[in-house]
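Trainee: Once you've had a glance at the structure underneath, I'll fire off some questions.
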Amino acid sequence: MSNKVYSIKIGGMAGQGIKSAGLNFAKVAARSGYNIYNYIEYPSLIRGGHNVMQTTFSLDEVHSQIQSVDFLIALNQETINLHKDELVSGAGIIFEDEGKIDATACKDKCRLFAVPLKKLATEAGGQEIVSNNVALGASISLMGGDIKYLFDLIDEDFSFKPEIAEINKKAAQSGYEYAQTNFPNKFDSLLTPQKNANKKIVVNGTDGVAFGAIAAGLQYTAIYPMSPTSNILTILAANQREYGYIYKQAEDEIAAINMSLGASFAGARAMTTTSGGGFCLMTEGFGLAGQTETPIVIVEGMRGGPGTGLPTWSEQGDLRMVLHAHQGEFPRIVVAAGDAEEAFHQIMLAFNLAEKYQTPVVLLVDKNILDDEQTFPKFDYSSYQINRGKMVREKDPEYHRYVVTDDGISPRTIPGVGNHLVANSDEHNSYGYSSETISDRNEQVQKRLRKLETCAKEDMGKPILFGPENAEITIVSWGSCKGPILEAMKDYPFVNYLHINWINPFPADAIKAILSRSTYLLDIECNSTAQMAGLIREKTGIDILDRFLKNDGRPFFPEEIKDKINSIIKTR
Amino acid sequence: MITAAELATPNFPNWCPGCGNFGIWAAFKNAAVTSDWDNTNTAFVAGIGCHGHMVNFVKLTSFEGLHGRPIPVATGIKMANHRLNVFVFTGDGDCLGEGGNHFINAARRNHNITVLLHNNNIYGLTTGQTSPTTRKDFPTKSTPDGNPDEPFKVLNLAIAAGATFAARVYANDIAGLSAMIIKANEHQGFSVVEMLQPCITFNKECSPTFFTDNTYKLPDSYDPTNIAAALEKTLEFGEKQIPVGLFYKVDKPTAESEFPQIDAKPLVDNQVEKRDVSELLQTLY
């Protein structure tokens with residue numbers, strides 16, 4: 001018997017501490033021995049607008065957000081109005097009791113817990129924003145959780161401001177006591193602390209990318225801020241002195257990639273990060289890296305496009321862009337990640353690939369992966385080894401930069417060693433001097449492109465198959481769709497999932513083999529043109545006819561995928 | 001010591017005979033020989049334009065990047081290895097048209113690099129269109145009825161943006177240019193040397209005689225530390241009224257000096273090693 005997945009939703013205005021409250025609830029659950037997934041929705045605003053954070057939690061693995069809500073904390077009226085239809089029968093609602101919030105619309109279906117949030121916050125000595133901790137304290141009480149975990153988290157959050165920590169703890173305590181006194185045994189013990197549970201980290205893709213880059217020996221990164229990747233630079237900027245790398249804010253994305261390429265040319269392990277719009281500006285430098293054979297890792301965190309699009313929502317619309325951006329032909333390696341843990345390992349791999357193949361490597365992630373926290377066992381990268389590729393570190397009078405080799409990889413050297421080195425964006429001969437002869441052109445183009453063949457042989461990963469080897473229905477997808485698909489599959493033992501996280505070179509044979517033995521194929525993507533299905537058709541000849549697509553910025557919910565599977569079963 | 005012969009490559013310049021780039025080429029090589037710039041201590045970056053071919057004609061470590069983008073590449077190199085002398089060869093179109101944003105922002109941040117700006121007041125490589133420094137009313141292929149736009153005043157822009165060393169030299173004054181390049185490199189900060197360059201093919205007006213007739217050396221009494229006077233001086237341009245020399249110089253912290261992580265040694269002198277991030281992961285519980 002599997003354990004149920006519950007969800008709690010906290011809603012309010014931007015600026016009411018929704019995100020921190022949601023994260024702390026998730027960490028209370030994680031420390032109590034539960035698995036969690038945190039899903040956040042917010043508009044492209046700093047204050048005002050509607051912010052929602054949902055924590056799904058269970059004793060089983062939790063992979064994604066779900067549609068239904070078991071417990072709602074409403075810090076404003078909008079939270080009730082917008083989310084009342086998501087509430088399950090018997091759901092709990094905590095809301096302000098001073099008449100500011102009207103929950104009567106839910107009174108027949110739900111259990112209402114009016115709490116004087118603002119009053120208790122003020123009595124604790126805090127501003128209205130502290131109401132979030134009053135509500136958390138009351139929620140933990142109602143769900144039979146241990147308030148100590150919340151106190152610990154508040155102490156950690158405000159370790160440099162103990163007086164603020166005290167106010168917040170007092171507020172949480174008063175919410176907890178208020179619920180103990182006024183609503184004893186009125187809700188279900190969803191958060192009972194588990195003994196001897198293996199504690200897990202609560203991590204999002206932003207942490208995964210940033211920590212992975214630091215672990216992989218990042219030395220230089222220039223980044224221009226852009227949602228949803230800006231928090232990566234926040235982490236990198238804050239930790240640079242401690243770990244000895246350099247983060248420099250660039251004046252634009254064009255500069256960001258060119259600065260990073262300069263540092264890489266000089267011998268530093270370099271990367272840059274951006275979203276689709278910034279990648280458009282980097283397109284020029286992307287090909288420059290390919291032509292000059294300068295290693296670079298580019299993290300592309302997708303959001304809804306085109307133009308400014310949906311800055312704070314997710315999409316998987318940039319697959320074809322990164323595969324084809326820039327004029328002409330050059331080897332590009334493209335990998336993707338489906339969650340924070342994959343992002344951590346893929347970024348570390350990306351650095352090795354970039355330096356081994358001396359070419360740009362793109363890590364494709366999306367907004368949901370970057371923003372949403374999930375529990376994982378502490379990342380284990382003990383088997384990771386730095387590979388900087390072929391590098392000449394001594395003076396060699398015979399050195400020439402673009403010497404033609406069988407594997408396509410010419411040894412690098414770095415400025416200052418004493419070797420004459422020309423990196424040239426013009427077509428060039430093996431020394432790097434500009435050349436337009438037919439033989440140099442052909443030799444250099446073929447040499448560069450051979451690197452991708454070598455990569456396919458030596459490094460290309462296989463797609464990951466979840467579920468049974470043979471299944472009646474095979475779902476194919478990538479990126480953050482992984483979560484809701486795995487969540488939905490819990491109910492369908494005859495469904496498997498092919499998760500693609502190597503995009504170029506493309507593991508066509510492995511994918512073809514798996515797809516060929518399934519009786520029904522379903523492509524799921526957060527875009528409107530089924531870009532991955534198109535790529536699969538191009539590379540394998542297999543046309544996946546059933547395409548379940550969504551590009552409204554919202555992620556798939558497992559409930560939607562279950563409905564889809566049910567409808568397939570019904571019609572077959 | 002490096003010799004002129006050691007700086008030679010198998011390639012001979014493909015610039016038009018009489019091009020100002022020959023003077024710049026000679027001056028840079030002279031400066032390299034004088035200052036012992038070689039492949040152990042020097043790198044340069046070129047943009048795209050006639051100047052960009054420099055990578056083929058000087059046997060020093062170099063990166064020929066994209067049109068407008070040499071400055072960001074150079075700042076990355078300098079940040080990764082601040083022991084290197086880092087030069088940028090760029091043109092009026094490369095630096096001020098396509099790459100204007102990089103120019104002003106790198107100046108503002110005071111990266112310790114030297115920008116050698118080939119200013120021939122025309123797009124030469126694309127055969128004669130107006131550039132950001134072409135004078136108003138000058139007819140070009142793209143402005144047959146005369147350039148409708150005012151030109152940038154290069155050094156005025158550089159100083160206003162934050163350059164801490166700003167000079168102008170006539171490209172064919174090889175000795176003077178050589179000395180100024182050395183001085184610009186010695187300066188700790190963002191150095192701009194505007195090199196007045198004849199394009200004998202596409203800009204008949206800015207001919208060698210135009211420059212020799214109309215330039216004059218800033219007098220010894222000129223004070224290059226006064227920013228207001230320097231900005232005013234940069235506005236001067238006319239018949240017999242083109243000043244050359246060091247307009248402005250000030251000492252300010254460089255971009256590189258703001259990073260304590262490279263106080264002790266250049267970034268690239270550190271071995272790339274797998275780092276232990278347990279402490280960071282620990283914050284996620």
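In the structure tokens, each chain is lettered A, B, ... as it comes, each chain's residues begin at 1, and ligands are numbered from 1 in order of appearance.
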Select, as number ranges by chain, those residues of chain B with any atom no more than 9 Å from chain A (distances computed using only C-alpha atoms).
Mentor: B: 11, 38-43, 53, 55-57, 59-66, 69-81, 83-84, 101-102, 105-106, 259-262, 267-268, 270-278, 280-285
Trainee: Check region 114-233 of chain B with DSSP on the backbone and list each residue it calls helix (DSSP H, G or I), as an MDAnalysis selection string.
Mentor: chainID B and resid 154:161 174:186 208:214 227:233
Trainee: Limited to N, CA and C atoms, could you put the picked residues into a file as a CSV table (one decimal), in the first residue's frame?
Mentor:
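The result, stored in out_20.csv:
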```csv
chain,number,residue,atom,x,y,z
B,154,VAL,N,35.9,60.7,-29.9
B,154,VAL,CA,36.3,59.4,-29.3
B,154,VAL,C,36.8,59.5,-27.8
B,155,LEU,N,37.8,60.5,-27.7
B,155,LEU,CA,38.4,60.6,-26.3
B,155,LEU,C,37.5,61.2,-25.3
B,156,ASN,N,36.6,62.1,-25.8
B,156,ASN,CA,35.6,62.6,-24.9
B,156,ASN,C,34.7,61.5,-24.4
B,157,LEU,N,34.3,60.7,-25.3
B,157,LEU,CA,33.4,59.5,-24.9
B,157,LEU,C,34.2,58.6,-23.9
B,158,ALA,N,35.5,58.4,-24.2
B,158,ALA,CA,36.3,57.4,-23.4
B,158,ALA,C,36.4,58.0,-22.0
B,159,ILE,N,36.8,59.3,-21.9
B,159,ILE,CA,37.0,59.9,-20.5
B,159,ILE,C,35.7,59.9,-19.8
B,160,ALA,N,34.6,60.4,-20.4
B,160,ALA,CA,33.3,60.5,-19.8
B,160,ALA,C,32.9,59.1,-19.3
B,161,ALA,N,33.2,58.0,-20.0
B,161,ALA,CA,32.8,56.7,-19.6
B,161,ALA,C,33.7,56.1,-18.5
B,174,ILE,N,55.4,56.7,-36.2
B,174,ILE,CA,55.7,55.3,-35.7
B,174,ILE,C,56.4,55.4,-34.3
B,175,ALA,N,57.4,56.3,-34.2
B,175,ALA,CA,58.1,56.4,-32.9
B,175,ALA,C,57.2,57.0,-31.8
B,176,GLY,N,56.4,58.0,-32.2
B,176,GLY,CA,55.5,58.5,-31.2
B,176,GLY,C,54.4,57.5,-30.7
B,177,LEU,N,53.9,56.8,-31.7
B,177,LEU,CA,52.9,55.8,-31.4
B,177,LEU,C,53.5,54.7,-30.5
B,178,SER,N,54.6,54.2,-30.9
B,178,SER,CA,55.3,53.2,-30.2
B,178,SER,C,55.5,53.6,-28.7
B,179,ALA,N,56.0,54.8,-28.5
B,179,ALA,CA,56.2,55.2,-27.1
B,179,ALA,C,54.8,55.3,-26.4
B,180,MET,N,53.8,55.8,-27.1
B,180,MET,CA,52.5,55.9,-26.4
B,180,MET,C,51.9,54.6,-26.1
B,181,ILE,N,52.1,53.6,-26.9
B,181,ILE,CA,51.6,52.2,-26.6
B,181,ILE,C,52.2,51.7,-25.4
B,182,ILE,N,53.5,51.9,-25.3
B,182,ILE,CA,54.3,51.4,-24.1
B,182,ILE,C,53.7,52.1,-22.8
B,183,LYS,N,53.5,53.4,-23.0
B,183,LYS,CA,53.0,54.2,-21.8
B,183,LYS,C,51.6,53.7,-21.4
B,184,ALA,N,50.8,53.5,-22.4
B,184,ALA,CA,49.4,53.1,-22.2
B,184,ALA,C,49.4,51.7,-21.5
B,185,ASN,N,50.3,50.8,-21.9
B,185,ASN,CA,50.4,49.5,-21.2
B,185,ASN,C,50.9,49.6,-19.8
B,186,GLU,N,51.8,50.6,-19.6
B,186,GLU,CA,52.4,50.7,-18.2
B,186,GLU,C,51.3,51.3,-17.3
B,208,PRO,N,47.1,61.2,-45.4
B,208,PRO,CA,48.2,61.4,-44.6
B,208,PRO,C,48.5,62.9,-44.5
B,209,THR,N,48.4,63.7,-45.6
B,209,THR,CA,48.7,65.1,-45.5
B,209,THR,C,47.7,65.8,-44.6
B,210,PHE,N,46.5,65.4,-44.7
B,210,PHE,CA,45.4,66.0,-43.8
B,210,PHE,C,45.9,65.9,-42.3
B,211,PHE,N,46.4,64.7,-42.0
B,211,PHE,CA,46.8,64.5,-40.6
B,211,PHE,C,48.1,65.3,-40.2
B,212,THR,N,49.0,65.2,-41.1
B,212,THR,CA,50.3,65.9,-40.8
B,212,THR,C,50.1,67.4,-40.8
B,213,ASP,N,49.2,67.9,-41.7
B,213,ASP,CA,49.0,69.3,-41.7
B,213,ASP,C,48.2,69.9,-40.5
B,214,ASN,N,47.3,69.0,-40.0
B,214,ASN,CA,46.3,69.6,-39.1
B,214,ASN,C,46.5,69.2,-37.6
B,227,ILE,N,40.6,66.6,-15.3
B,227,ILE,CA,39.5,66.0,-16.2
B,227,ILE,C,38.7,67.0,-16.9
B,228,ALA,N,38.4,68.1,-16.3
B,228,ALA,CA,37.5,69.1,-16.9
B,228,ALA,C,38.3,69.7,-18.1
B,229,ALA,N,39.6,70.0,-17.9
B,229,ALA,CA,40.4,70.6,-19.0
B,229,ALA,C,40.5,69.5,-20.1
B,230,ALA,N,40.7,68.3,-19.7
B,230,ALA,CA,40.9,67.2,-20.7
B,230,ALA,C,39.6,67.0,-21.5
B,231,LEU,N,38.5,67.0,-20.9
B,231,LEU,CA,37.2,66.9,-21.6
B,231,LEU,C,37.0,68.0,-22.6
B,232,GLU,N,37.4,69.2,-22.2
B,232,GLU,CA,37.3,70.4,-23.1
B,232,GLU,C,38.3,70.2,-24.3
B,233,LYS,N,39.5,69.8,-24.0
B,233,LYS,CA,40.5,69.6,-25.0
B,233,LYS,C,40.0,68.6,-26.1
```
Trainee: Quick one: everything within 12 Å of Ala163 (chain B), counting only C-alpha atoms, minus sequence neighbours fewer than 6 positions away in the same chain. Send it as a PDB file with N, CA and C atoms, in the first residue's frame.
Mentor:
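out.pdb, freshly written:
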```
ATOM      1  N   PHE B 103      32.627  49.042 -24.905  1.00  0.00           N
ATOM      2  CA  PHE B 103      33.648  50.079 -24.732  1.00  0.00           C
ATOM      3  C   PHE B 103      33.357  50.927 -23.490  1.00  0.00           C
ATOM      4  N   ILE B 104      32.133  51.444 -23.379  1.00  0.00           N
ATOM      5  CA  ILE B 104      31.848  52.343 -22.251  1.00  0.00           C
ATOM      6  C   ILE B 104      31.818  51.592 -20.921  1.00  0.00           C
ATOM      7  N   ASN B 105      31.328  50.350 -20.941  1.00  0.00           N
ATOM      8  CA  ASN B 105      31.258  49.620 -19.670  1.00  0.00           C
ATOM      9  C   ASN B 105      32.616  49.120 -19.195  1.00  0.00           C
ATOM     10  N   ALA B 106      33.466  48.726 -20.136  1.00  0.00           N
ATOM     11  CA  ALA B 106      34.814  48.297 -19.735  1.00  0.00           C
ATOM     12  C   ALA B 106      35.594  49.508 -19.218  1.00  0.00           C
ATOM     13  N   ALA B 107      35.367  50.671 -19.828  1.00  0.00           N
ATOM     14  CA  ALA B 107      36.023  51.903 -19.355  1.00  0.00           C
ATOM     15  C   ALA B 107      35.567  52.208 -17.933  1.00  0.00           C
ATOM     16  N   ARG B 108      34.270  52.122 -17.720  1.00  0.00           N
ATOM     17  CA  ARG B 108      33.678  52.388 -16.407  1.00  0.00           C
ATOM     18  C   ARG B 108      34.270  51.482 -15.338  1.00  0.00           C
ATOM     19  N   ARG B 109      34.517  50.243 -15.687  1.00  0.00           N
ATOM     20  CA  ARG B 109      35.023  49.290 -14.694  1.00  0.00           C
ATOM     21  C   ARG B 109      36.531  49.344 -14.538  1.00  0.00           C
ATOM     22  N   ASN B 110      37.191  50.057 -15.462  1.00  0.00           N
ATOM     23  CA  ASN B 110      38.643  50.244 -15.392  1.00  0.00           C
ATOM     24  C   ASN B 110      39.429  48.929 -15.416  1.00  0.00           C
ATOM     25  N   HIS B 111      39.069  48.073 -16.369  1.00  0.00           N
ATOM     26  CA  HIS B 111      39.886  46.876 -16.599  1.00  0.00           C
ATOM     27  C   HIS B 111      41.282  47.318 -17.012  1.00  0.00           C
ATOM     28  N   ASN B 112      42.275  46.593 -16.558  1.00  0.00           N
ATOM     29  CA  ASN B 112      43.660  46.994 -16.836  1.00  0.00           C
ATOM     30  C   ASN B 112      44.111  46.457 -18.203  1.00  0.00           C
ATOM     31  N   ILE B 113      43.551  47.025 -19.244  1.00  0.00           N
ATOM     32  CA  ILE B 113      43.906  46.620 -20.610  1.00  0.00           C
ATOM     33  C   ILE B 113      44.151  47.873 -21.450  1.00  0.00           C
ATOM     34  N   THR B 114      44.778  47.692 -22.604  1.00  0.00           N
ATOM     35  CA  THR B 114      45.066  48.819 -23.492  1.00  0.00           C
ATOM     36  C   THR B 114      44.300  48.655 -24.793  1.00  0.00           C
ATOM     37  N   VAL B 115      43.462  49.633 -25.090  1.00  0.00           N
ATOM     38  CA  VAL B 115      42.647  49.593 -26.300  1.00  0.00           C
ATOM     39  C   VAL B 115      43.300  50.468 -27.363  1.00  0.00           C
ATOM     40  N   VAL B 154      35.878  60.658 -29.863  1.00  0.00           N
ATOM     41  CA  VAL B 154      36.291  59.393 -29.266  1.00  0.00           C
ATOM     42  C   VAL B 154      36.832  59.550 -27.849  1.00  0.00           C
ATOM     43  N   LEU B 155      37.763  60.484 -27.668  1.00  0.00           N
ATOM     44  CA  LEU B 155      38.392  60.592 -26.348  1.00  0.00           C
ATOM     45  C   LEU B 155      37.457  61.226 -25.328  1.00  0.00           C
ATOM     46  N   ASN B 156      36.580  62.068 -25.808  1.00  0.00           N
ATOM     47  CA  ASN B 156      35.578  62.646 -24.918  1.00  0.00           C
ATOM     48  C   ASN B 156      34.700  61.534 -24.355  1.00  0.00           C
ATOM     49  N   LEU B 157      34.270  60.655 -25.250  1.00  0.00           N
ATOM     50  CA  LEU B 157      33.442  59.519 -24.852  1.00  0.00           C
ATOM     51  C   LEU B 157      34.206  58.616 -23.883  1.00  0.00           C
ATOM     52  N   ALA B 184      50.799  53.487 -22.433  1.00  0.00           N
ATOM     53  CA  ALA B 184      49.427  53.054 -22.170  1.00  0.00           C
ATOM     54  C   ALA B 184      49.427  51.704 -21.462  1.00  0.00           C
ATOM     55  N   HIS B 187      50.365  52.018 -17.841  1.00  0.00           N
ATOM     56  CA  HIS B 187      49.301  52.565 -16.999  1.00  0.00           C
ATOM     57  C   HIS B 187      48.438  51.430 -16.436  1.00  0.00           C
ATOM     58  N   GLN B 188      48.198  51.480 -15.161  1.00  0.00           N
ATOM     59  CA  GLN B 188      47.361  50.469 -14.508  1.00  0.00           C
ATOM     60  C   GLN B 188      45.903  50.889 -14.611  1.00  0.00           C
ATOM     61  N   GLY B 189      45.222  50.416 -15.638  1.00  0.00           N
ATOM     62  CA  GLY B 189      43.821  50.781 -15.805  1.00  0.00           C
ATOM     63  C   GLY B 189      43.430  50.728 -17.276  1.00  0.00           C
ATOM     64  N   PHE B 190      42.248  51.218 -17.553  1.00  0.00           N
ATOM     65  CA  PHE B 190      41.700  51.149 -18.912  1.00  0.00           C
ATOM     66  C   PHE B 190      42.306  52.269 -19.755  1.00  0.00           C
ATOM     67  N   SER B 191      43.166  51.887 -20.687  1.00  0.00           N
ATOM     68  CA  SER B 191      43.875  52.860 -21.511  1.00  0.00           C
ATOM     69  C   SER B 191      43.320  52.850 -22.918  1.00  0.00           C
ATOM     70  N   VAL B 192      43.064  54.032 -23.444  1.00  0.00           N
ATOM     71  CA  VAL B 192      42.583  54.156 -24.814  1.00  0.00           C
ATOM     72  C   VAL B 192      43.577  54.990 -25.604  1.00  0.00           C
ATOM     73  N   VAL B 193      44.055  54.424 -26.698  1.00  0.00           N
ATOM     74  CA  VAL B 193      44.893  55.195 -27.610  1.00  0.00           C
ATOM     75  C   VAL B 193      44.138  55.298 -28.930  1.00  0.00           C
ATOM     76  N   ILE B 227      40.562  66.590 -15.305  1.00  0.00           N
ATOM     77  CA  ILE B 227      39.538  65.953 -16.151  1.00  0.00           C
ATOM     78  C   ILE B 227      38.692  66.983 -16.900  1.00  0.00           C
ATOM     79  N   ALA B 230      40.692  68.267 -19.710  1.00  0.00           N
ATOM     80  CA  ALA B 230      40.878  67.195 -20.693  1.00  0.00           C
ATOM     81  C   ALA B 230      39.625  67.029 -21.542  1.00  0.00           C
ATOM     82  N   LEU B 231      38.474  67.029 -20.899  1.00  0.00           N
ATOM     83  CA  LEU B 231      37.224  66.883 -21.645  1.00  0.00           C
ATOM     84  C   LEU B 231      37.047  68.034 -22.632  1.00  0.00           C
ATOM     85  N   PHE B 247      45.952  63.051 -23.311  1.00  0.00           N
ATOM     86  CA  PHE B 247      44.908  63.985 -22.880  1.00  0.00           C
ATOM     87  C   PHE B 247      44.610  63.848 -21.392  1.00  0.00           C
ATOM     88  N   TYR B 248      44.611  62.599 -20.919  1.00  0.00           N
ATOM     89  CA  TYR B 248      44.113  62.380 -19.552  1.00  0.00           C
ATOM     90  C   TYR B 248      44.720  61.121 -18.962  1.00  0.00           C
ATOM     91  N   LYS B 249      45.056  61.220 -17.695  1.00  0.00           N
ATOM     92  CA  LYS B 249      45.580  60.052 -16.983  1.00  0.00           C
ATOM     93  C   LYS B 249      45.276  60.215 -15.505  1.00  0.00           C
ATOM     94  N   VAL B 250      44.694  59.183 -14.926  1.00  0.00           N
ATOM     95  CA  VAL B 250      44.402  59.230 -13.486  1.00  0.00           C
ATOM     96  C   VAL B 250      44.581  57.820 -12.926  1.00  0.00           C
ATOM     97  N   ASP B 251      45.020  57.729 -11.695  1.00  0.00           N
ATOM     98  CA  ASP B 251      45.172  56.417 -11.066  1.00  0.00           C
ATOM     99  C   ASP B 251      43.945  56.078 -10.242  1.00  0.00           C
ATOM    100  N   LYS B 252      43.335  54.960 -10.581  1.00  0.00           N
ATOM    101  CA  LYS B 252      42.163  54.466  -9.839  1.00  0.00           C
ATOM    102  C   LYS B 252      42.296  52.959  -9.710  1.00  0.00           C
ATOM    103  N   PRO B 253      41.617  52.361  -8.761  1.00  0.00           N
ATOM    104  CA  PRO B 253      41.705  50.892  -8.643  1.00  0.00           C
ATOM    105  C   PRO B 253      41.239  50.217  -9.938  1.00  0.00           C
ATOM    106  N   THR B 254      41.946  49.199 -10.355  1.00  0.00           N
ATOM    107  CA  THR B 254      41.539  48.477 -11.564  1.00  0.00           C
ATOM    108  C   THR B 254      40.444  47.464 -11.226  1.00  0.00           C
ATOM    109  N   ALA B 255      39.740  47.015 -12.260  1.00  0.00           N
ATOM    110  CA  ALA B 255      38.702  45.993 -12.065  1.00  0.00           C
ATOM    111  C   ALA B 255      39.306  44.750 -11.411  1.00  0.00           C
TER     112      ALA B 255
END
```
Trainee: Please return as number ranges by chain: the residues of region 21-253 of chain B that backbone DSSP assigns to strand (DSSP E or B).
Mentor: B: 42-46, 62-64, 85-91, 114-119, 123, 129, 165-170, 191-196, 215-217, 242-249
Trainee: As a list in words, please: the residues near region 55-63 of chain A (cut-off 6 Å, only C-alpha atoms, same-chain neighbours under 2 positions excluded).
Mentor: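 The residues that qualify are Asn3, Val5, Tyr6, Ser7, Ile8, Tyr34, Asn35, Ile36, Tyr37, Asn38, Gly483 and Glu487 of chain A.
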Trainee: Any chance you could export the current selection's C-alpha atoms as a compact mmCIF listing (two decimals), in the first residue's frame?
Mentor:
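Everything below was put into again-v4.txt:
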```txt
# COMPACT_ATOMS: atom_id res chain seq x y z
CA ASN A 3 1.51 6.29 1.09
CA VAL A 5 0.74 12.42 -1.27
CA TYR A 6 -0.61 15.47 0.52
CA SER A 7 -0.30 19.08 -0.37
CA ILE A 8 -0.32 22.35 1.48
CA TYR A 34 8.93 13.17 4.63
CA ASN A 35 9.75 13.59 0.97
CA ILE A 36 8.64 16.88 -0.52
CA TYR A 37 8.24 18.78 -3.76
CA ASN A 38 7.86 22.55 -3.66
CA GLY A 483 8.34 14.86 -12.22
CA GLU A 487 4.14 10.89 -10.13
```
Trainee: Can you measure CA of Phe44 (chain B) to CA of Gly162 (chain B) for me? One decimal in Å is fine.
Mentor: 21.7 Å
Trainee: Excluding Arg572 (chain A) and its own-chain neighbours fewer than 4 positions away, which residues fall within 10 Å of it when counting only C-alpha atoms? Please give them as a ChimeraX atom specification.
Mentor: /A:520,567-568
Trainee: Could those residues be written to a file, using N, CA and C atoms, as a CSV table (one decimal), in the first residue's frame?
Mentor:
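Once written, again01.csv looks like this:
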```csv
chain,number,residue,atom,x,y,z
A,520,TYR,N,2.4,1.5,-27.7
A,520,TYR,CA,1.8,2.8,-27.8
A,520,TYR,C,2.8,3.9,-27.3
A,567,SER,N,-7.6,8.0,-20.9
A,567,SER,CA,-8.3,8.1,-22.2
A,567,SER,C,-7.7,7.3,-23.3
A,568,ILE,N,-6.4,7.1,-23.2
A,568,ILE,CA,-5.7,6.2,-24.1
A,568,ILE,C,-6.2,4.7,-23.9
```
